[in-house]
Amino acid sequence: MIALYRLALRVFLPSLFERLRDEAIETSARLAEDARRQGFGAWLRYWLIEFHSLARTSWRERPPRKASHVMSTLVQDIRYSLRLLVRTPGVTLVALLTLALGIGANTAIFSIVNGVLLRPLDYPDPDRLYYIQHVLLSDRSQQGSTTPGNFYDIQRAVTSMRLTAIQTSTATLTGRGEPERIQGVGSAGSILEVLGVAPQIGRIFTEGDDRIGAPKVVVISDRLWRRLFDARLDALGQTLMLGGEPLAVVGVMPRGFTFPDTTIDVWAPMQMNADMRASRSEYFLTLVGRLAPGATPGAARAELDAIMERLRKEYPQANGTLGLDAQPLREALVGDVSDLLWILMASVGCVLLIACANLANLLLARATGRSREIAVRQAIGAARGRLVRQLLVESLMLALLGGVAGVLVGKLFLNALVAWLPAGIPRLEQASVDLHVLTFTLVTTALTGLFFGLAPALQLSGNPPAMVLRNDVRTSTGRAPLRALLVIAELAVAVVLLTGAGLLIRSFVLVQRVDPGFKTDRVLTFQTRMEGPAYQKAAVRIAFVNGIVDRLKTLPGVTEAAASSYAPIVGRGTGAWFNIIARPWPPGTTPPGVPYRVITADYFKAMQIPLLRGRLLTDRDGLNGTPSVVISESLARRFWPNEDPVGADIYLGAPDNKLFDRAAVVGVVKDVQLSGLGGSLTDAVYGLNTLMPWWRNFTFTVRTSGEPLSLAASARQIVRDADPSIATTGMQAMTDIMRTSIAPTRASMLLLALFAGVALVMAAVGVFGVMSYAVNLRTREMGIRLALGARPAEVRRMVVADGMKQAIVGVIIGAAAASWVTRTMSSMLFGVSPGDPATLALASSVLLVTAALACYMPARRATRVDPLVVLRAE
Amino acid sequence: MTTPLTPQAFQILLSLADGRDLHGYAIIQDVAARTDREIQLTASTLYAAIKRMLDAGVIAEVDAPADSGGAPRRCYRITKAGRLLARQEAERLARAVAMARDKDLLPRKA
């Protein structure tokens with residue numbers, strides 16, 4: 001902006017000598033800074049006023065003599081084009097509106113792309129940070145956590161990286177008002193040291209703090225500091241009761257610090273005892289590393305591979321199938337939304353391209369009306385370059401005005417999008433209209449102006465003036481190849497967008513048709529966690545959970561109630577090695593891991609999951625009775641393809657670390673979607689909380705006869721009566737969980753459908769405009785044909801056929817492009833493949849029909865021509 | 001100068017009238033504060049006016065006081081001619097106000 005202002009001062013206020021100009025620039029910089037502190041709107045208003053007053057002052061102070069020839073003709077061009085814009089308000093308004101929306105949408109989406117994908121992470125040297133996970137050697141796209149045993153081995157051995165392990169979790173905060181759940185990160189080693197961000201007060205925890213016996217400390221977020229301690233310095237040293245344990249606050253991270261996402265409020269060292277540190281069967285740690293000074297990513301990866309090779313040999317059962325994968329931290333944090341965002345970016349880019357093609361056509365039409373003016377100017381000696389420049393200045397002025405409006409519209413779009421997009425897009429809070437975005441908009445605007453201005457400029461000034469003046473051009477070129485090209489391009493791009501949108505819509509419909517495996521309506525769910533010394537004993541935990549379930553069942557309107565370790569659909573859960581006692585796995589192989597759920601006896605009745613074989617669980621199926629489990633249909637098929645699993649004995653876990661020693665499979669239930677409707681995870685082992693009594697974190701499911709959420713208050717009261725220190729969280733209806741699980745698919749589908757709809761309308765307008773224009777040019781020809789006895793239907797057919805030739809070429813190119821381009825979408829599709837022929841055919845026919853309609857209207861007008869009127873006009 | 005001063009130029013002179021040497025940014029702040037933001041000068045208007053007033057000799061440039069810190073910056077000081085001009089303008093305005101009172105546009109002084 002300052003640079004622009006400097007240039008403007010030099011051009012428009014040349015009377016200011018060097019030093020005064022410098023002062024003016026410095027002063028305006030300070031004023032702009034003042035305005036910026038009040039927000040983006042004030043900043044923009046400031047510059048608008050500044051430039052406006054500069055223009056007025058320049059007019060008042062205009063020197064009697066022109067400063068230079070080039071500059072003065074440029075100013076002339078600008079004035080002339082502004083006058084022209086005002087003189088044709090209809091065209092100007094349509095063009096400005098198109099540009100403001102097109103550029104605005106691009107600005108908004110680019111703001112998100114910039115904030116989420118492009119802006120570096122807010123840590124020192126962020127490019128040296130890596131996220132390290134296990135991958136299956138057989139399929140490196142399958143990533144997973146690692147074990148404490150592996151972590152400490154790798155940490156000790158690695159020299160090219162400083163390594164830390166993290167686990168995100170939630171804990172209940174008590175002793176400060178209502179108990180509440182706080183999201184936190186536990187870390188072995190010190191994640192804060194590896195990230196390298198200094199606290200705003202106090203200290204961060206260091207590697208020594210994770211030793212057993214070291215004082216238990218916690219570092220909190222700026223947000224929590226302000227909420228709990230009103231940002232007071234004496235927060236340091238105070239105690240937070242988290243998960244029933246007193247932790248001393250030793251530091252506060254700076255405002256805006258987030259890791260790994262904005263939900264996290266506490267970071268604490270994870271103190272593991274010697275048994276835990278050596279565990280090779282519990283996979284819950286994720287590694288974060290920072291490259292050592294001088295180390296290269298390649299060398300670090302090679303070193304990690306070598307270490308993993310050794311760990312595979314030393315612990316074949318735990319590590320036999322596993323490799324290590326180091327991914328730049330930013331990629332890992334952004335995850336799979338990058339596909340979605342780039343696709344959206346490409347889509348709005350396409351919409352803008354179509355808008356440009358339409359504008360080029362609009363200006364062409366207007367310019368043709370001016371071909372006489374141009375021809376006269378050329379005939380009396382205007383150079384072609386001068387004319388092209390003047391026409392380009394016109395389109396650039398238009399684009400610039402559109403760009404300014406686009407920034408404002410973009411800001412509005414962005415706010416709306418951020419509010420509307422489903423939760424779970426990482427770093428979305430980083431999206432803002434910053435300098436990068438403004439630069440992007442400026443470049444887009446300039447390119448837009450050039451793109452839609454160049455065609456008319458070249459075409460117009462290329463006509464030989466003598467022919468124009470003799471009125472020959474109007475009749476000699478019945479069709480303009482440039483316009484045909486524009487229409488073909490427009491249609492092709494529209495086909496691509498429409499196909500993309502069609503694929504997403506089909507995916508969405510298919511996902512919604514997936515049978516979740518249980519009845520989802522009229523179920524209330526909420527979570528609790530039993531923490532602290534009061535729940536050390538298994539009997540207490542079992543009594544607490546079963547007590548709440550029993551109390552819930554007595555509520556009026558409740559038909560059944562149960563608890564489980566996780567709700568289905570949510571995509572979270574635990575897994576363990578699956579072992580059939582009669583068929584032990586060969587030594588040295590890693591057993592398959594399967595998801596398991598800890599439940600209370602009536603879970604299947606509460607969720608209405610149908611029993612397929614055997615029987616359901618009863619209260620007597622725990623450790624002290626007849627240890628039993630129920631498995632899902634897909635698991636039964638996987639391990640007992642042709643046999644009856646009922647009666648088989650199994651255990652979960654490693655031989656030296658079993659979740660339970662032995663349990664009999666007593667029943668098979670229908671598959672339930674565990675990881676979202678589009679997921680494929682249905683394998684499950686269900687065991688009672690009396691079989692796996694160490695589980696502390698339960699989701700309660702309450703089936704009701706009425707509106708489930710009306711029972712929320714009573715349910716909360718039941719938990720409070722049982723133990724006031726336990727927080728109730730995630731109170732929601734099962735249908736809301738379902739909705740959340742398809743929200744990202746829904747959002748991307750709606751956005752792309754919106755863009756495709758706009759593209760379709762614009763393409764129709766484009767075809768209509770070009771055909772109308774062509775028909776107008778050929779009015780005399782039509783008149784003659786009709787006068788000579790051609791039937792109107794024939795003439796109509798001729799016009800439509802003419803237009804459809806272009807449409808068909810456009811659609812064919814578009815369909816070919818779409819079948820190739822939509823491959824980038826495969827990660828977002830469900831049940832339909834990219835380049836799906838049915839979708840392609842549908843998108844193509846929609847466009848062909850639209851194009852036919854757009855051609856038909858001008859064609860009808862052509863046959864309404866009264867031959868006499870046309871011929872008389874000669 | 002026989003034509004009336006522009007309101008902006010008059011306000012700039014008023015800001016300097018009590019003998020303070022001010023730089024551009026301070027003048028803008030002062031004018032905005034005194035007129036309750038009714039007159040908000042932009043950098044372009046201010047420096048165009050300063051250029052004219054320097055040429056007319058109603059203000060002069062002086063070096064900023066050494067202790068002002070930051071980058072060295074020029075300040076502006078009102079000249080004798082400027083003070084005279086401002087007074088003439090103020091008297092002209094006062095006469096205009098008196099006329100408005102005579103015509104009952106403004107309440108008469110008690």
# chains A, B, ... in the order shown; residues from 1 in each chain; ligands from 1
>>> residues_around(residues="A:Leu224", least_positions_apart="2", cutoff="10 Å", atoms="only C-alpha atoms", output="list in words")
Ile182, Ile220, Ser221, Asp222, Arg226, Arg227, Leu228, Phe229, Asp230, Ala231, Val252, Met253, Ile264, Asp265 and Val266 of chain A
>>> interface_residues(of="chain A", to="chain B", cutoff="12 Å", atoms="only C-alpha atoms", output="PDB file with C-alpha atoms, in the first residue's frame")
ATOM      1  CA  ILE A   2       2.763   2.417   0.967  1.00  0.00           C
ATOM      2  CA  TYR A   5       0.884   5.556  -2.299  1.00  0.00           C
ATOM      3  CA  ARG A   6       4.443   6.616  -3.059  1.00  0.00           C
ATOM      4  CA  ALA A   8       0.547   7.842  -6.679  1.00  0.00           C
ATOM      5  CA  LEU A   9       2.119  10.843  -4.967  1.00  0.00           C
ATOM      6  CA  ARG A  10       4.882  10.955  -7.538  1.00  0.00           C
ATOM      7  CA  PHE A  12      -0.454  12.920  -9.120  1.00  0.00           C
ATOM      8  CA  LEU A  13       1.254  15.415  -6.875  1.00  0.00           C
ATOM      9  CA  PRO A  14       4.512  16.117  -8.686  1.00  0.00           C
ATOM     10  CA  SER A  15       4.728  19.564  -7.107  1.00  0.00           C
ATOM     11  CA  LEU A  16       5.736  18.042  -3.757  1.00  0.00           C
ATOM     12  CA  PHE A  17       9.505  17.939  -3.722  1.00  0.00           C
ATOM     13  CA  GLU A  18      11.445  14.894  -2.575  1.00  0.00           C
ATOM     14  CA  ARG A  19      11.650  15.599   1.151  1.00  0.00           C
ATOM     15  CA  LEU A  20       8.047  16.662   1.618  1.00  0.00           C
ATOM     16  CA  ARG A  21       6.995  13.559  -0.247  1.00  0.00           C
ATOM     17  CA  ASP A  22       9.037  11.356   2.072  1.00  0.00           C
ATOM     18  CA  GLU A  23       7.438  13.064   5.032  1.00  0.00           C
ATOM     19  CA  ALA A  24       3.965  12.622   3.593  1.00  0.00           C
ATOM     20  CA  ILE A  25       4.673   8.920   3.114  1.00  0.00           C
ATOM     21  CA  GLU A  26       5.969   8.513   6.638  1.00  0.00           C
ATOM     22  CA  THR A  27       2.971  10.325   8.078  1.00  0.00           C
ATOM     23  CA  SER A  28       0.528   8.261   6.052  1.00  0.00           C
ATOM     24  CA  ALA A  29       2.282   5.109   7.230  1.00  0.00           C
ATOM     25  CA  ARG A  30       1.717   6.161  10.836  1.00  0.00           C
ATOM     26  CA  LEU A  31      -1.911   7.047  10.188  1.00  0.00           C
ATOM     27  CA  ALA A  32      -2.465   3.724   8.435  1.00  0.00           C
ATOM     28  CA  ASP A  34      -3.225   3.793  13.751  1.00  0.00           C
ATOM     29  CA  ARG A  45     -11.353   3.113   4.962  1.00  0.00           C
ATOM     30  CA  TYR A  46      -8.216   5.063   5.772  1.00  0.00           C
ATOM     31  CA  TRP A  47      -6.594   4.216   2.440  1.00  0.00           C
ATOM     32  CA  LEU A  48      -9.766   4.868   0.481  1.00  0.00           C
ATOM     33  CA  ILE A  49      -9.996   8.344   2.018  1.00  0.00           C
ATOM     34  CA  GLU A  50      -6.287   8.984   1.554  1.00  0.00           C
ATOM     35  CA  PHE A  51      -6.349   8.110  -2.145  1.00  0.00           C
ATOM     36  CA  HIS A  52      -9.560   9.988  -2.667  1.00  0.00           C
ATOM     37  CA  SER A  53      -8.174  13.153  -1.121  1.00  0.00           C
ATOM     38  CA  LEU A  54      -4.971  12.692  -3.095  1.00  0.00           C
ATOM     39  CA  ALA A  55      -7.007  12.596  -6.286  1.00  0.00           C
ATOM     40  CA  ARG A  56      -8.910  15.742  -5.306  1.00  0.00           C
ATOM     41  CA  THR A  57      -5.790  17.582  -4.269  1.00  0.00           C
ATOM     42  CA  SER A  58      -4.135  16.548  -7.496  1.00  0.00           C
ATOM     43  CA  TRP A  59      -7.048  17.974  -9.447  1.00  0.00           C
ATOM     44  CA  ARG A  60      -6.896  21.266  -7.541  1.00  0.00           C
ATOM     45  CA  GLU A  61      -3.143  21.518  -7.848  1.00  0.00           C
ATOM     46  CA  ARG A  62      -2.866  20.347 -11.447  1.00  0.00           C
TER      47      ARG A  62
END
>>> atom_distance(atom1="atom CA of A:Pro592", atom2="atom CA of A:Gly575")
9.8 Å
>>> residues_around(residues="A:Gly835", least_positions_apart="5", cutoff="7 Å", atoms="only C-alpha atoms", output="ChimeraX atom specification")
/A:818-820,822,840
>>> residues_around(residues="A:Ile812", least_positions_apart="3", cutoff="12 Å", atoms="only C-alpha atoms", output="list of chain:residue names")
A:Ile488, A:Ala489, A:Leu491, A:Ala492, A:Val493, A:Ala494, A:Val495, A:Val496, A:Met804, A:Lys805, A:Gln806, A:Ala807, A:Ile808, A:Val809, A:Ala815, A:Ala816, A:Ala817, A:Ala818, A:Ser819, A:Leu840, A:Ala841, A:Ala843, A:Ser844, A:Ser845, A:Leu847, A:Leu848
>>> select_by_dssp(residues="stretch 600-657 of chain A", states="strand (DSSP E)", output="number ranges by chain")
A: 611-614, 628-632, 649-654, 657
>>> residues_around(residues="stretch 175-180 of chain A", least_positions_apart="6", cutoff="8 Å", atoms="only C-alpha atoms", output="ChimeraX atom specification")
/A:228,240-241,724-729
>>> write_last_selection(atoms="N, CA, C and O atoms", output="compact mmCIF listing (two decimals), in the first residue's frame")
# COMPACT_ATOMS: atom_id res chain seq x y z
N LEU A 228 -8.90 -18.85 34.43
CA LEU A 228 -8.85 -19.34 35.81
C LEU A 228 -8.19 -18.35 36.75
O LEU A 228 -8.53 -18.28 37.92
N LEU A 240 -3.37 -27.06 40.24
CA LEU A 240 -4.58 -27.44 39.52
C LEU A 240 -4.86 -28.90 39.81
O LEU A 240 -3.98 -29.75 39.70
N MET A 241 -6.11 -29.23 40.20
CA MET A 241 -6.48 -30.63 40.38
C MET A 241 -6.94 -31.16 39.03
O MET A 241 -8.04 -30.89 38.58
N PRO A 724 -20.14 -35.61 42.84
CA PRO A 724 -20.13 -34.23 42.33
C PRO A 724 -18.81 -33.83 41.68
O PRO A 724 -18.76 -32.83 40.96
N SER A 725 -17.75 -34.61 41.87
CA SER A 725 -16.46 -34.21 41.29
C SER A 725 -16.28 -34.75 39.87
O SER A 725 -15.26 -34.54 39.25
N ILE A 726 -17.29 -35.46 39.35
CA ILE A 726 -17.14 -36.00 38.00
C ILE A 726 -17.91 -35.16 37.00
O ILE A 726 -19.08 -34.82 37.21
N ALA A 727 -17.21 -34.76 35.93
CA ALA A 727 -17.82 -33.91 34.91
C ALA A 727 -18.59 -34.75 33.90
O ALA A 727 -18.16 -35.85 33.56
N THR A 728 -19.72 -34.23 33.46
CA THR A 728 -20.49 -34.86 32.38
C THR A 728 -20.18 -34.06 31.12
O THR A 728 -20.33 -32.86 31.11
N THR A 729 -19.73 -34.72 30.07
CA THR A 729 -19.39 -33.98 28.85
C THR A 729 -20.04 -34.62 27.63
O THR A 729 -20.54 -35.75 27.71
>>> residues_around(residues="B:Arg87", least_positions_apart="4", cutoff="12 Å", atoms="only C-alpha atoms", output="PyMOL selection string")
chain B and resi 4-5+10+13-14+17+80-83+91-94
>>> residues_around(residues="B:Met53", least_positions_apart="5", cutoff="8 Å", atoms="only C-alpha atoms", output="PyMOL selection string")
chain B and resi 9+58-59
>>> select_by_dssp(residues="chain B", states="helix (DSSP H, G or I)", output="PyMOL selection string")
chain B and resi 7-17+24-34+43-56+66-68+80-102
>>> closest_residue(among="A:Trp694, A:His436, A:Ile505, A:Ala774", to="A:Gln536", atoms="only C-alpha atoms")
A:Trp694
>>> atom_distance(atom1="atom CA of A:Arg662", atom2="atom CA of A:Ile650")
5.7 Å
>>> atom_distance(atom1="atom CA of A:Gly676", atom2="atom CA of A:Pro568")
7.8 Å
